$ cat final_19.txt   # compact mmCIF, N, CA and C atoms and all ligand atoms
# COMPACT_ATOMS: atom_id res chain seq x y z
N MET A 243 75.66 98.87 110.92
CA MET A 243 76.16 99.88 110.01
C MET A 243 75.68 101.27 110.46
N ILE A 244 76.57 102.23 110.47
CA ILE A 244 76.18 103.56 110.90
C ILE A 244 75.46 104.31 109.78
N VAL A 245 74.79 105.39 110.13
CA VAL A 245 73.92 106.09 109.19
C VAL A 245 74.66 106.55 107.94
N SER A 246 75.82 107.17 108.10
CA SER A 246 76.54 107.68 106.93
C SER A 246 76.98 106.55 106.00
N GLY A 247 77.35 105.41 106.58
CA GLY A 247 77.72 104.24 105.77
C GLY A 247 76.54 103.75 104.97
N GLU A 248 75.37 103.74 105.61
CA GLU A 248 74.16 103.33 104.90
C GLU A 248 73.91 104.23 103.69
N ARG A 249 74.20 105.51 103.87
CA ARG A 249 73.94 106.45 102.78
C ARG A 249 74.83 106.16 101.56
N ILE A 250 76.01 105.61 101.81
CA ILE A 250 76.91 105.28 100.70
C ILE A 250 76.38 104.07 99.93
N VAL A 251 75.95 103.05 100.65
CA VAL A 251 75.52 101.81 99.99
C VAL A 251 74.10 101.91 99.45
N TYR A 252 73.16 102.40 100.29
CA TYR A 252 71.75 102.45 99.89
C TYR A 252 71.42 103.83 99.35
N SER A 253 72.11 104.22 98.30
CA SER A 253 71.96 105.57 97.76
C SER A 253 70.91 105.62 96.67
N GLY A 254 70.41 106.80 96.40
CA GLY A 254 69.47 106.99 95.31
C GLY A 254 70.09 106.63 93.97
N ALA A 255 71.38 106.95 93.79
CA ALA A 255 72.07 106.63 92.53
C ALA A 255 72.11 105.12 92.32
N ALA A 256 72.38 104.38 93.40
CA ALA A 256 72.43 102.91 93.30
C ALA A 256 71.03 102.37 92.98
N ALA A 257 70.00 102.92 93.64
CA ALA A 257 68.63 102.47 93.38
C ALA A 257 68.27 102.66 91.91
N LYS A 258 68.67 103.78 91.33
CA LYS A 258 68.38 104.04 89.92
C LYS A 258 69.11 103.06 89.01
N ARG A 259 70.35 102.72 89.37
CA ARG A 259 71.09 101.73 88.57
C ARG A 259 70.41 100.37 88.64
N ILE A 260 70.01 99.97 89.86
CA ILE A 260 69.39 98.66 90.05
C ILE A 260 68.06 98.58 89.29
N LEU A 261 67.28 99.67 89.36
CA LEU A 261 65.97 99.68 88.69
C LEU A 261 66.08 99.96 87.20
N GLY A 262 67.26 100.37 86.76
CA GLY A 262 67.45 100.67 85.35
C GLY A 262 66.69 101.91 84.90
N ILE A 263 66.57 102.89 85.79
CA ILE A 263 65.87 104.13 85.41
C ILE A 263 66.86 105.28 85.27
N SER A 264 66.41 106.32 84.63
CA SER A 264 67.26 107.46 84.29
C SER A 264 67.96 108.05 85.52
N ALA A 265 69.21 108.45 85.33
CA ALA A 265 69.99 109.05 86.41
C ALA A 265 69.39 110.37 86.88
N SER A 266 68.56 110.98 86.03
CA SER A 266 67.97 112.27 86.41
C SER A 266 66.62 112.11 87.12
N ALA A 267 66.12 110.86 87.25
CA ALA A 267 64.84 110.63 87.93
C ALA A 267 64.96 111.02 89.40
N LYS A 268 63.82 111.46 89.98
CA LYS A 268 63.83 111.84 91.39
C LYS A 268 63.45 110.61 92.23
N VAL A 269 64.35 110.21 93.11
CA VAL A 269 64.04 109.07 93.99
C VAL A 269 64.37 109.42 95.44
N ARG A 270 63.64 108.75 96.32
CA ARG A 270 63.91 108.88 97.75
C ARG A 270 64.04 107.46 98.30
N VAL A 271 65.09 107.24 99.09
CA VAL A 271 65.37 105.90 99.60
C VAL A 271 65.11 105.87 101.10
N GLU A 272 64.36 104.86 101.54
CA GLU A 272 64.07 104.70 102.97
C GLU A 272 64.62 103.35 103.42
N VAL A 273 65.57 103.37 104.35
CA VAL A 273 66.22 102.13 104.76
C VAL A 273 65.57 101.60 106.03
N PHE A 274 65.06 100.37 105.97
CA PHE A 274 64.51 99.70 107.14
C PHE A 274 65.47 98.60 107.56
N LYS A 275 65.10 97.89 108.62
CA LYS A 275 66.03 96.90 109.16
C LYS A 275 66.43 95.84 108.12
N PHE A 276 65.46 95.30 107.40
CA PHE A 276 65.77 94.21 106.48
C PHE A 276 65.58 94.58 105.01
N SER A 277 65.10 95.77 104.74
CA SER A 277 64.76 96.08 103.36
C SER A 277 64.94 97.57 103.08
N VAL A 278 64.88 97.89 101.81
CA VAL A 278 64.99 99.28 101.39
C VAL A 278 63.79 99.59 100.49
N TRP A 279 63.07 100.65 100.82
CA TRP A 279 61.97 101.10 99.98
C TRP A 279 62.46 102.25 99.13
N VAL A 280 62.18 102.17 97.84
CA VAL A 280 62.60 103.23 96.93
C VAL A 280 61.35 103.90 96.37
N HIS A 281 61.25 105.17 96.62
CA HIS A 281 60.12 105.96 96.11
C HIS A 281 60.59 106.69 94.86
N VAL A 282 60.02 106.31 93.72
CA VAL A 282 60.33 106.99 92.47
C VAL A 282 59.18 107.95 92.20
N LYS A 283 59.50 109.19 91.94
CA LYS A 283 58.46 110.19 91.71
C LYS A 283 57.53 109.74 90.58
N GLY A 284 56.24 109.71 90.88
CA GLY A 284 55.26 109.32 89.88
C GLY A 284 54.95 107.83 89.83
N SER A 285 55.62 107.02 90.68
CA SER A 285 55.35 105.57 90.71
C SER A 285 55.09 105.11 92.14
N ARG A 286 54.59 103.86 92.27
CA ARG A 286 54.43 103.28 93.61
C ARG A 286 55.81 102.98 94.17
N PRO A 287 55.96 102.97 95.50
CA PRO A 287 57.25 102.61 96.09
C PRO A 287 57.64 101.17 95.70
N THR A 288 58.92 100.97 95.50
CA THR A 288 59.44 99.66 95.12
C THR A 288 60.34 99.14 96.23
N PHE A 289 60.27 97.84 96.47
CA PHE A 289 61.13 97.22 97.46
C PHE A 289 62.39 96.68 96.76
N ILE A 290 63.55 96.98 97.32
CA ILE A 290 64.81 96.40 96.82
C ILE A 290 65.52 95.78 98.02
N SER A 291 66.02 94.56 97.86
CA SER A 291 66.69 93.90 98.98
C SER A 291 68.02 94.57 99.29
N LYS A 292 68.44 94.50 100.53
CA LYS A 292 69.74 95.04 100.91
C LYS A 292 70.85 94.30 100.17
N ARG A 293 70.64 93.01 99.94
CA ARG A 293 71.62 92.20 99.21
C ARG A 293 71.86 92.78 97.81
N ALA A 294 70.76 93.18 97.14
CA ALA A 294 70.88 93.75 95.79
C ALA A 294 71.74 95.02 95.81
N PHE A 295 71.57 95.83 96.85
CA PHE A 295 72.39 97.05 96.97
C PHE A 295 73.86 96.70 97.19
N LEU A 296 74.10 95.71 98.05
CA LEU A 296 75.49 95.33 98.34
C LEU A 296 76.17 94.76 97.09
N ASN A 297 75.43 93.94 96.34
CA ASN A 297 75.98 93.40 95.09
C ASN A 297 76.28 94.52 94.10
N ASN A 298 75.34 95.47 94.01
CA ASN A 298 75.51 96.58 93.07
C ASN A 298 76.71 97.44 93.45
N PHE A 299 76.95 97.57 94.75
CA PHE A 299 78.05 98.40 95.24
C PHE A 299 79.39 97.93 94.65
N ALA A 300 79.64 96.62 94.71
CA ALA A 300 80.88 96.07 94.15
C ALA A 300 80.83 96.01 92.62
N GLU A 301 79.69 95.56 92.09
CA GLU A 301 79.57 95.40 90.63
C GLU A 301 79.77 96.72 89.89
N TRP A 302 79.19 97.77 90.43
CA TRP A 302 79.29 99.09 89.80
C TRP A 302 80.75 99.53 89.73
N ARG A 303 81.48 99.34 90.82
CA ARG A 303 82.90 99.74 90.86
C ARG A 303 83.74 98.88 89.92
N ARG A 304 83.41 97.58 89.87
CA ARG A 304 84.12 96.69 88.96
C ARG A 304 83.87 97.10 87.51
N GLU A 305 82.61 97.41 87.23
CA GLU A 305 82.20 97.84 85.89
C GLU A 305 82.93 99.14 85.49
N GLN A 306 82.96 100.10 86.41
CA GLN A 306 83.62 101.38 86.13
C GLN A 306 85.12 101.23 85.90
N SER A 307 85.73 100.23 86.52
CA SER A 307 87.18 100.04 86.42
C SER A 307 87.60 99.67 85.01
N ARG A 308 86.66 99.21 84.19
CA ARG A 308 87.00 98.81 82.82
C ARG A 308 87.45 100.01 81.98
N PHE A 309 87.10 101.20 82.42
CA PHE A 309 87.47 102.40 81.65
C PHE A 309 88.78 103.03 82.15
N LEU A 310 89.45 102.35 83.08
CA LEU A 310 90.67 102.89 83.66
C LEU A 310 91.87 102.08 83.20
N SER A 311 93.06 102.68 83.31
CA SER A 311 94.25 101.90 83.01
C SER A 311 95.25 102.00 84.15
N ALA A 312 95.73 100.86 84.59
CA ALA A 312 96.66 100.79 85.72
C ALA A 312 98.07 100.55 85.21
N THR A 313 99.02 101.35 85.69
CA THR A 313 100.42 101.21 85.31
C THR A 313 101.26 100.97 86.57
N GLN A 314 102.00 99.87 86.55
CA GLN A 314 102.83 99.53 87.71
C GLN A 314 104.07 100.41 87.76
N TRP A 315 104.43 100.84 88.98
CA TRP A 315 105.63 101.65 89.13
C TRP A 315 106.86 100.76 88.96
N LEU A 316 107.88 101.25 88.24
CA LEU A 316 109.08 100.45 88.00
C LEU A 316 109.91 100.29 89.28
N ASP A 317 110.02 101.37 90.05
CA ASP A 317 110.88 101.33 91.24
C ASP A 317 110.15 100.87 92.49
N THR A 318 108.82 100.87 92.47
CA THR A 318 108.02 100.44 93.63
C THR A 318 106.91 99.54 93.10
N PRO A 319 107.23 98.26 92.86
CA PRO A 319 106.29 97.39 92.14
C PRO A 319 104.94 97.15 92.83
N GLN A 320 104.83 97.45 94.13
CA GLN A 320 103.53 97.27 94.79
C GLN A 320 102.60 98.46 94.55
N ARG A 321 103.12 99.49 93.83
CA ARG A 321 102.30 100.67 93.55
C ARG A 321 101.89 100.75 92.08
N PHE A 322 100.70 101.27 91.87
CA PHE A 322 100.17 101.46 90.52
C PHE A 322 99.58 102.87 90.41
N THR A 323 99.76 103.48 89.26
CA THR A 323 99.04 104.71 88.96
C THR A 323 97.85 104.31 88.09
N VAL A 324 96.65 104.70 88.53
CA VAL A 324 95.44 104.34 87.79
C VAL A 324 94.85 105.60 87.18
N ARG A 325 94.81 105.60 85.85
CA ARG A 325 94.36 106.77 85.11
C ARG A 325 92.99 106.59 84.50
N ASN A 326 92.24 107.69 84.52
CA ASN A 326 90.99 107.77 83.79
C ASN A 326 91.25 108.72 82.63
N GLY A 327 91.37 108.17 81.43
CA GLY A 327 91.72 108.96 80.26
C GLY A 327 90.64 109.96 79.88
N VAL A 328 89.38 109.65 80.20
CA VAL A 328 88.27 110.53 79.84
C VAL A 328 88.23 111.75 80.76
N LYS A 329 88.33 111.49 82.08
CA LYS A 329 88.25 112.59 83.04
C LYS A 329 89.62 113.22 83.29
N ASP A 330 90.68 112.58 82.76
CA ASP A 330 92.04 113.04 82.96
C ASP A 330 92.39 113.15 84.45
N THR A 331 92.07 112.08 85.19
CA THR A 331 92.43 112.02 86.61
C THR A 331 93.34 110.82 86.82
N ALA A 332 94.10 110.84 87.92
CA ALA A 332 94.98 109.72 88.25
C ALA A 332 95.06 109.57 89.77
N TYR A 333 95.02 108.32 90.22
CA TYR A 333 95.14 108.02 91.64
C TYR A 333 96.19 106.93 91.80
N VAL A 334 96.77 106.87 93.00
CA VAL A 334 97.79 105.85 93.25
C VAL A 334 97.20 104.77 94.16
N VAL A 335 97.34 103.53 93.72
CA VAL A 335 96.89 102.38 94.51
C VAL A 335 98.12 101.63 94.99
N GLU A 336 98.14 101.34 96.28
CA GLU A 336 99.25 100.57 96.83
C GLU A 336 98.75 99.22 97.33
N CYS A 337 99.36 98.13 96.83
CA CYS A 337 98.99 96.78 97.25
C CYS A 337 99.69 96.47 98.56
N ARG A 338 98.91 96.43 99.63
CA ARG A 338 99.47 96.06 100.93
C ARG A 338 99.00 94.67 101.29
N GLU A 339 99.49 94.17 102.42
CA GLU A 339 99.22 92.79 102.79
C GLU A 339 97.72 92.51 102.92
N ASN A 340 96.97 93.44 103.50
CA ASN A 340 95.55 93.16 103.75
C ASN A 340 94.61 94.17 103.12
N LEU A 341 95.11 94.97 102.19
CA LEU A 341 94.23 95.93 101.51
C LEU A 341 94.89 96.51 100.26
N LEU A 342 94.03 97.13 99.44
CA LEU A 342 94.50 97.85 98.26
C LEU A 342 94.18 99.32 98.52
N ALA A 343 95.16 100.05 99.08
CA ALA A 343 94.92 101.43 99.49
C ALA A 343 94.93 102.36 98.29
N CYS A 344 93.95 103.25 98.24
CA CYS A 344 93.89 104.20 97.13
C CYS A 344 93.83 105.61 97.69
N THR A 345 94.24 106.57 96.87
CA THR A 345 94.26 107.97 97.30
C THR A 345 92.93 108.69 97.01
N CYS A 346 91.92 107.97 96.48
CA CYS A 346 90.67 108.66 96.11
C CYS A 346 89.71 108.78 97.30
N GLU A 347 88.67 109.61 97.11
CA GLU A 347 87.71 109.89 98.17
C GLU A 347 86.79 108.69 98.44
N ASP A 348 86.40 107.99 97.40
CA ASP A 348 85.53 106.82 97.57
C ASP A 348 86.21 105.80 98.48
N TYR A 349 87.50 105.59 98.24
CA TYR A 349 88.22 104.63 99.07
C TYR A 349 88.27 105.09 100.53
N SER A 350 88.61 106.36 100.76
CA SER A 350 88.73 106.81 102.15
C SER A 350 87.37 106.80 102.85
N ASN A 351 86.27 107.07 102.11
CA ASN A 351 84.93 106.95 102.70
C ASN A 351 84.64 105.51 103.11
N GLN A 352 84.98 104.57 102.24
CA GLN A 352 84.71 103.16 102.56
C GLN A 352 85.49 102.74 103.81
N ILE A 353 86.74 103.19 103.91
CA ILE A 353 87.56 102.84 105.08
C ILE A 353 86.96 103.49 106.34
N ASP A 354 86.57 104.75 106.23
CA ASP A 354 85.98 105.44 107.38
C ASP A 354 84.72 104.74 107.87
N PHE A 355 83.86 104.36 106.93
CA PHE A 355 82.55 103.84 107.32
C PHE A 355 82.52 102.34 107.53
N PHE A 356 83.32 101.59 106.78
CA PHE A 356 83.23 100.13 106.87
C PHE A 356 84.51 99.47 107.38
N GLY A 357 85.60 100.23 107.46
CA GLY A 357 86.86 99.66 107.92
C GLY A 357 87.58 98.87 106.85
N ARG A 358 86.97 98.70 105.69
CA ARG A 358 87.59 98.04 104.55
C ARG A 358 86.89 98.51 103.29
N GLY A 359 87.46 98.15 102.15
CA GLY A 359 86.79 98.56 100.92
C GLY A 359 87.65 98.36 99.70
N CYS A 360 87.03 98.58 98.56
CA CYS A 360 87.76 98.50 97.29
C CYS A 360 87.07 99.47 96.34
N CYS A 361 87.82 100.42 95.81
CA CYS A 361 87.26 101.40 94.88
C CYS A 361 87.48 100.91 93.45
N LYS A 362 87.00 101.68 92.47
CA LYS A 362 87.16 101.27 91.07
C LYS A 362 88.64 101.21 90.67
N HIS A 363 89.48 102.05 91.30
CA HIS A 363 90.92 102.02 91.00
C HIS A 363 91.53 100.72 91.52
N GLY A 364 91.07 100.28 92.69
CA GLY A 364 91.52 99.00 93.24
C GLY A 364 91.12 97.85 92.31
N TYR A 365 89.88 97.91 91.79
CA TYR A 365 89.43 96.86 90.86
C TYR A 365 90.26 96.87 89.57
N SER A 366 90.68 98.07 89.15
CA SER A 366 91.51 98.17 87.96
C SER A 366 92.85 97.45 88.18
N VAL A 367 93.42 97.65 89.37
CA VAL A 367 94.69 96.98 89.71
C VAL A 367 94.47 95.47 89.81
N LEU A 368 93.37 95.06 90.44
CA LEU A 368 93.07 93.63 90.56
C LEU A 368 93.01 92.99 89.18
N SER A 369 92.33 93.65 88.25
CA SER A 369 92.20 93.11 86.90
C SER A 369 93.57 93.03 86.23
N LYS A 370 94.40 94.05 86.46
CA LYS A 370 95.75 94.08 85.88
C LYS A 370 96.60 92.89 86.37
N ILE A 371 96.42 92.49 87.63
CA ILE A 371 97.20 91.38 88.16
C ILE A 371 96.44 90.06 88.08
N GLY A 372 95.34 90.07 87.34
CA GLY A 372 94.64 88.82 87.03
C GLY A 372 93.70 88.32 88.12
N LEU A 373 93.23 89.22 88.98
CA LEU A 373 92.30 88.81 90.04
C LEU A 373 90.99 89.55 89.88
N ARG A 374 89.92 88.99 90.52
CA ARG A 374 88.60 89.55 90.31
C ARG A 374 88.06 90.30 91.53
N SER A 375 88.48 89.91 92.72
CA SER A 375 87.89 90.53 93.91
C SER A 375 88.93 90.76 94.99
N LEU A 376 88.57 91.61 95.95
CA LEU A 376 89.45 91.87 97.08
C LEU A 376 89.68 90.58 97.88
N SER A 377 88.63 89.76 98.03
CA SER A 377 88.82 88.52 98.80
C SER A 377 89.78 87.57 98.07
N GLU A 378 89.74 87.55 96.73
CA GLU A 378 90.69 86.73 95.97
C GLU A 378 92.11 87.23 96.21
N TYR A 379 92.27 88.56 96.26
CA TYR A 379 93.58 89.16 96.52
C TYR A 379 94.08 88.75 97.90
N LEU A 380 93.22 88.85 98.92
CA LEU A 380 93.61 88.51 100.29
C LEU A 380 94.00 87.04 100.39
N GLU A 381 93.25 86.17 99.69
CA GLU A 381 93.58 84.73 99.68
C GLU A 381 94.93 84.49 99.03
N THR A 382 95.20 85.21 97.92
CA THR A 382 96.46 85.05 97.20
C THR A 382 97.64 85.48 98.06
N VAL A 383 97.48 86.61 98.75
CA VAL A 383 98.55 87.10 99.62
C VAL A 383 98.80 86.11 100.77
N ALA A 384 97.70 85.61 101.36
CA ALA A 384 97.83 84.67 102.47
C ALA A 384 98.51 83.37 102.01
N ALA A 385 98.15 82.91 100.80
CA ALA A 385 98.73 81.66 100.27
C ALA A 385 100.23 81.86 100.00
N ARG A 386 100.60 83.04 99.50
CA ARG A 386 102.00 83.32 99.21
C ARG A 386 102.82 83.36 100.50
N ARG A 387 102.22 83.93 101.55
CA ARG A 387 102.90 84.02 102.82
C ARG A 387 103.11 82.63 103.44
N ALA A 388 102.14 81.74 103.23
CA ALA A 388 102.21 80.40 103.81
C ALA A 388 103.19 79.51 103.06
N ALA A 389 103.47 79.85 101.78
CA ALA A 389 104.31 78.99 100.93
C ALA A 389 105.79 79.06 101.36
ZN ZN B 1 90.33 104.83 94.27

$ encode --input "final_19.txt" --output "structure tokens" --more "lines below"
Ligand SMILES: [Zn+2]
Amino acid sequence: MIVSGERIVYSGAAAKRILGISASAKVRVEVFKFSVWVHVKGSRPTFISKRAFLNNFAEWRREQSRFLSATQWLDTPQRFTVRNGVKDTAYVVECRENLLACTCEDYSNQIDFFGRGCCKHGYSVLSKIGLRSLSEYLETVAARRAA
């Protein structure tokens, strides 16, 4: 994983979510080969596994998607407009054969750094079509193609 990609996954914001501490707390994250050390101001450094960060990465986006609403386009059924009623924002998600492409920045960062990804808007569409994960989506598409 390249440095910028690491910064997306092993972020201070993610560390605070995992540790259940205030979003305004000051933390510094140090990424080692097999582990991540989180320094919280005023406390001893805490070890968090890389696995915990990776799980949180998907879980957080899935959790956030619950506040969004996805509407399928009538004339282009593979497209959805995903709205955030609170922030009054909208992004377009397109269901393609091997990905759920979104117009948001989080999605384009994930593609740039990891070559694949799923943002909260993608999770909103997955939930709308009755699926839970990107891998479930890919399996469903592959099974439909084989049928
Ligand atoms: Zn998105």

$ atom_distance --input "final_19.txt" --atom1 "atom CA of Glu305 of chain A" --atom2 "atom CA of Phe355 of chain A"
22.3 Å

$ atom_distance --input "final_19.txt" --atom1 "atom CA of Cys346 of chain A" --atom2 "atom CA of Arg325 of chain A"
11.8 Å

$ select_by_dssp --input "final_19.txt" --residues "segment 291-386 of chain A" --states "strand (DSSP E)" --output "ChimeraX atom specification"
/A:291,310-314,321-326,331-337,342-344

$ write_last_selection --input "final_19.txt" --atoms "N, CA and C atoms" --output "CSV table (one decimal), keeping the file's coordinate frame"
chain,number,residue,atom,x,y,z
A,291,SER,N,66.0,94.6,97.9
A,291,SER,CA,66.7,93.9,99.0
A,291,SER,C,68.0,94.6,99.3
A,310,LEU,N,89.4,102.4,83.1
A,310,LEU,CA,90.7,102.9,83.7
A,310,LEU,C,91.9,102.1,83.2
A,311,SER,N,93.1,102.7,83.3
A,311,SER,CA,94.2,101.9,83.0
A,311,SER,C,95.2,102.0,84.2
A,312,ALA,N,95.7,100.9,84.6
A,312,ALA,CA,96.7,100.8,85.7
A,312,ALA,C,98.1,100.6,85.2
A,313,THR,N,99.0,101.4,85.7
A,313,THR,CA,100.4,101.2,85.3
A,313,THR,C,101.3,101.0,86.6
A,314,GLN,N,102.0,99.9,86.6
A,314,GLN,CA,102.8,99.5,87.7
A,314,GLN,C,104.1,100.4,87.8
A,321,ARG,N,103.1,99.5,93.8
A,321,ARG,CA,102.3,100.7,93.6
A,321,ARG,C,101.9,100.8,92.1
A,322,PHE,N,100.7,101.3,91.9
A,322,PHE,CA,100.2,101.5,90.5
A,322,PHE,C,99.6,102.9,90.4
A,323,THR,N,99.8,103.5,89.3
A,323,THR,CA,99.0,104.7,89.0
A,323,THR,C,97.8,104.3,88.1
A,324,VAL,N,96.6,104.7,88.5
A,324,VAL,CA,95.4,104.3,87.8
A,324,VAL,C,94.8,105.6,87.2
A,325,ARG,N,94.8,105.6,85.8
A,325,ARG,CA,94.4,106.8,85.1
A,325,ARG,C,93.0,106.6,84.5
A,326,ASN,N,92.2,107.7,84.5
A,326,ASN,CA,91.0,107.8,83.8
A,326,ASN,C,91.2,108.7,82.6
A,331,THR,N,92.1,112.1,85.2
A,331,THR,CA,92.4,112.0,86.6
A,331,THR,C,93.3,110.8,86.8
A,332,ALA,N,94.1,110.8,87.9
A,332,ALA,CA,95.0,109.7,88.2
A,332,ALA,C,95.1,109.6,89.8
A,333,TYR,N,95.0,108.3,90.2
A,333,TYR,CA,95.1,108.0,91.6
A,333,TYR,C,96.2,106.9,91.8
A,334,VAL,N,96.8,106.9,93.0
A,334,VAL,CA,97.8,105.8,93.2
A,334,VAL,C,97.2,104.8,94.2
A,335,VAL,N,97.3,103.5,93.7
A,335,VAL,CA,96.9,102.4,94.5
A,335,VAL,C,98.1,101.6,95.0
A,336,GLU,N,98.1,101.3,96.3
A,336,GLU,CA,99.2,100.6,96.8
A,336,GLU,C,98.8,99.2,97.3
A,337,CYS,N,99.4,98.1,96.8
A,337,CYS,CA,99.0,96.8,97.2
A,337,CYS,C,99.7,96.5,98.6
A,342,LEU,N,94.0,97.1,99.4
A,342,LEU,CA,94.5,97.8,98.3
A,342,LEU,C,94.2,99.3,98.5
A,343,ALA,N,95.2,100.0,99.1
A,343,ALA,CA,94.9,101.4,99.5
A,343,ALA,C,94.9,102.4,98.3
A,344,CYS,N,94.0,103.2,98.2
A,344,CYS,CA,93.9,104.2,97.1
A,344,CYS,C,93.8,105.6,97.7

$ residues_near_ligand --input "final_19.txt" --ligand "ligand ZN 1 (chain B)" --cutoff "8 Å" --atoms "only N, CA and C atoms and all ligand atoms" --output "count of residues only"
18

$ atom_distance --input "final_19.txt" --atom1 "atom C of Ser307 of chain A" --atom2 "atom CA of Val328 of chain A"
12.0 Å

$ closest_residue --input "final_19.txt" --among "A:Leu380, A:Glu301, A:Gln352, A:Trp315" --to "Arg338 of chain A" --atoms "only C-alpha atoms"
A:Leu380

$ axis_aligned_box --input "final_19.txt" --around "segment 254-270 of chain A" --padding-each-side "3 Å" --output "lines of an AutoDock Vina configuration file"
center_x = 67.9
center_y = 105.4
center_z = 91.3
size_x = 15.0
size_y = 19.7
size_z = 20.0

$ residues_around --input "final_19.txt" --residues "segment 292-295 of chain A" --least-positions-apart "2" --cutoff "8 Å" --atoms "all atoms listed in the file" --output "PDB file with N, CA and C atoms, in the coordinates of the input"
ATOM      1  N   VAL A 251      75.950 103.050 100.650  1.00  0.00           N
ATOM      2  CA  VAL A 251      75.520 101.810  99.990  1.00  0.00           C
ATOM      3  C   VAL A 251      74.100 101.910  99.450  1.00  0.00           C
ATOM      4  N   TYR A 252      73.160 102.400 100.290  1.00  0.00           N
ATOM      5  CA  TYR A 252      71.750 102.450  99.890  1.00  0.00           C
ATOM      6  C   TYR A 252      71.420 103.830  99.350  1.00  0.00           C
ATOM      7  N   SER A 253      72.110 104.220  98.300  1.00  0.00           N
ATOM      8  CA  SER A 253      71.960 105.570  97.760  1.00  0.00           C
ATOM      9  C   SER A 253      70.910 105.620  96.670  1.00  0.00           C
ATOM     10  N   ALA A 256      72.380 104.380  93.400  1.00  0.00           N
ATOM     11  CA  ALA A 256      72.430 102.910  93.300  1.00  0.00           C
ATOM     12  C   ALA A 256      71.030 102.370  92.980  1.00  0.00           C
ATOM     13  N   ALA A 257      70.000 102.920  93.640  1.00  0.00           N
ATOM     14  CA  ALA A 257      68.630 102.470  93.380  1.00  0.00           C
ATOM     15  C   ALA A 257      68.270 102.660  91.910  1.00  0.00           C
ATOM     16  N   ILE A 260      70.010  99.970  89.860  1.00  0.00           N
ATOM     17  CA  ILE A 260      69.390  98.660  90.050  1.00  0.00           C
ATOM     18  C   ILE A 260      68.060  98.580  89.290  1.00  0.00           C
ATOM     19  N   LYS A 275      65.100  97.890 108.620  1.00  0.00           N
ATOM     20  CA  LYS A 275      66.030  96.900 109.160  1.00  0.00           C
ATOM     21  C   LYS A 275      66.430  95.840 108.120  1.00  0.00           C
ATOM     22  N   PHE A 276      65.460  95.300 107.400  1.00  0.00           N
ATOM     23  CA  PHE A 276      65.770  94.210 106.480  1.00  0.00           C
ATOM     24  C   PHE A 276      65.580  94.580 105.010  1.00  0.00           C
ATOM     25  N   SER A 277      65.100  95.770 104.740  1.00  0.00           N
ATOM     26  CA  SER A 277      64.760  96.080 103.360  1.00  0.00           C
ATOM     27  C   SER A 277      64.940  97.570 103.080  1.00  0.00           C
ATOM     28  N   VAL A 278      64.880  97.890 101.810  1.00  0.00           N
ATOM     29  CA  VAL A 278      64.990  99.280 101.390  1.00  0.00           C
ATOM     30  C   VAL A 278      63.790  99.590 100.490  1.00  0.00           C
ATOM     31  N   PHE A 289      60.270  97.840  96.470  1.00  0.00           N
ATOM     32  CA  PHE A 289      61.130  97.220  97.460  1.00  0.00           C
ATOM     33  C   PHE A 289      62.390  96.680  96.760  1.00  0.00           C
ATOM     34  N   ILE A 290      63.550  96.980  97.320  1.00  0.00           N
ATOM     35  CA  ILE A 290      64.810  96.400  96.820  1.00  0.00           C
ATOM     36  C   ILE A 290      65.520  95.780  98.020  1.00  0.00           C
ATOM     37  N   ASN A 297      75.430  93.940  96.340  1.00  0.00           N
ATOM     38  CA  ASN A 297      75.980  93.400  95.090  1.00  0.00           C
ATOM     39  C   ASN A 297      76.280  94.520  94.100  1.00  0.00           C
ATOM     40  N   ASN A 298      75.340  95.470  94.010  1.00  0.00           N
ATOM     41  CA  ASN A 298      75.510  96.580  93.070  1.00  0.00           C
ATOM     42  C   ASN A 298      76.710  97.440  93.450  1.00  0.00           C
ATOM     43  N   PHE A 299      76.950  97.570  94.750  1.00  0.00           N
ATOM     44  CA  PHE A 299      78.050  98.400  95.240  1.00  0.00           C
ATOM     45  C   PHE A 299      79.390  97.930  94.650  1.00  0.00           C
ATOM     46  N   ALA A 300      79.640  96.620  94.710  1.00  0.00           N
ATOM     47  CA  ALA A 300      80.880  96.070  94.150  1.00  0.00           C
ATOM     48  C   ALA A 300      80.830  96.010  92.620  1.00  0.00           C
ATOM     49  N   GLU A 301      79.690  95.560  92.090  1.00  0.00           N
ATOM     50  CA  GLU A 301      79.570  95.400  90.630  1.00  0.00           C
ATOM     51  C   GLU A 301      79.770  96.720  89.890  1.00  0.00           C
TER      52      GLU A 301
END

$ residues_around --input "final_19.txt" --residues "Ala255 of chain A" --least-positions-apart "6" --cutoff "8 Å" --atoms "only N, CA and C atoms" --output "number ranges by chain"
A: 261, 265, 269

$ write_last_selection --input "final_19.txt" --atoms "N, CA and C atoms" --output "PDB file, keeping the file's coordinate frame"
ATOM      1  N   LEU A 261      67.280  99.670  89.360  1.00  0.00           N
ATOM      2  CA  LEU A 261      65.970  99.680  88.690  1.00  0.00           C
ATOM      3  C   LEU A 261      66.080  99.960  87.200  1.00  0.00           C
ATOM      4  N   ALA A 265      69.210 108.450  85.330  1.00  0.00           N
ATOM      5  CA  ALA A 265      69.990 109.050  86.410  1.00  0.00           C
ATOM      6  C   ALA A 265      69.390 110.370  86.880  1.00  0.00           C
ATOM      7  N   VAL A 269      64.350 110.210  93.110  1.00  0.00           N
ATOM      8  CA  VAL A 269      64.040 109.070  93.990  1.00  0.00           C
ATOM      9  C   VAL A 269      64.370 109.420  95.440  1.00  0.00           C
TER      10      VAL A 269
END

$ select_by_dssp --input "final_19.txt" --residues "chain A" --states "helix (DSSP H, G or I)" --output "number ranges by chain"
A: 245-251, 254-261, 292-309, 347-356, 362-370, 376-388

$ residues_around --input "final_19.txt" --residues "segment 369-379 of chain A" --least-positions-apart "2" --cutoff "8 Å" --atoms "only N, CA and C atoms" --output "JSON, numbers by chain"
{"A": [304, 312, 313, 339, 340, 341, 342, 359, 360, 363, 364, 365, 366, 367, 381, 382, 383, 384, 385]}
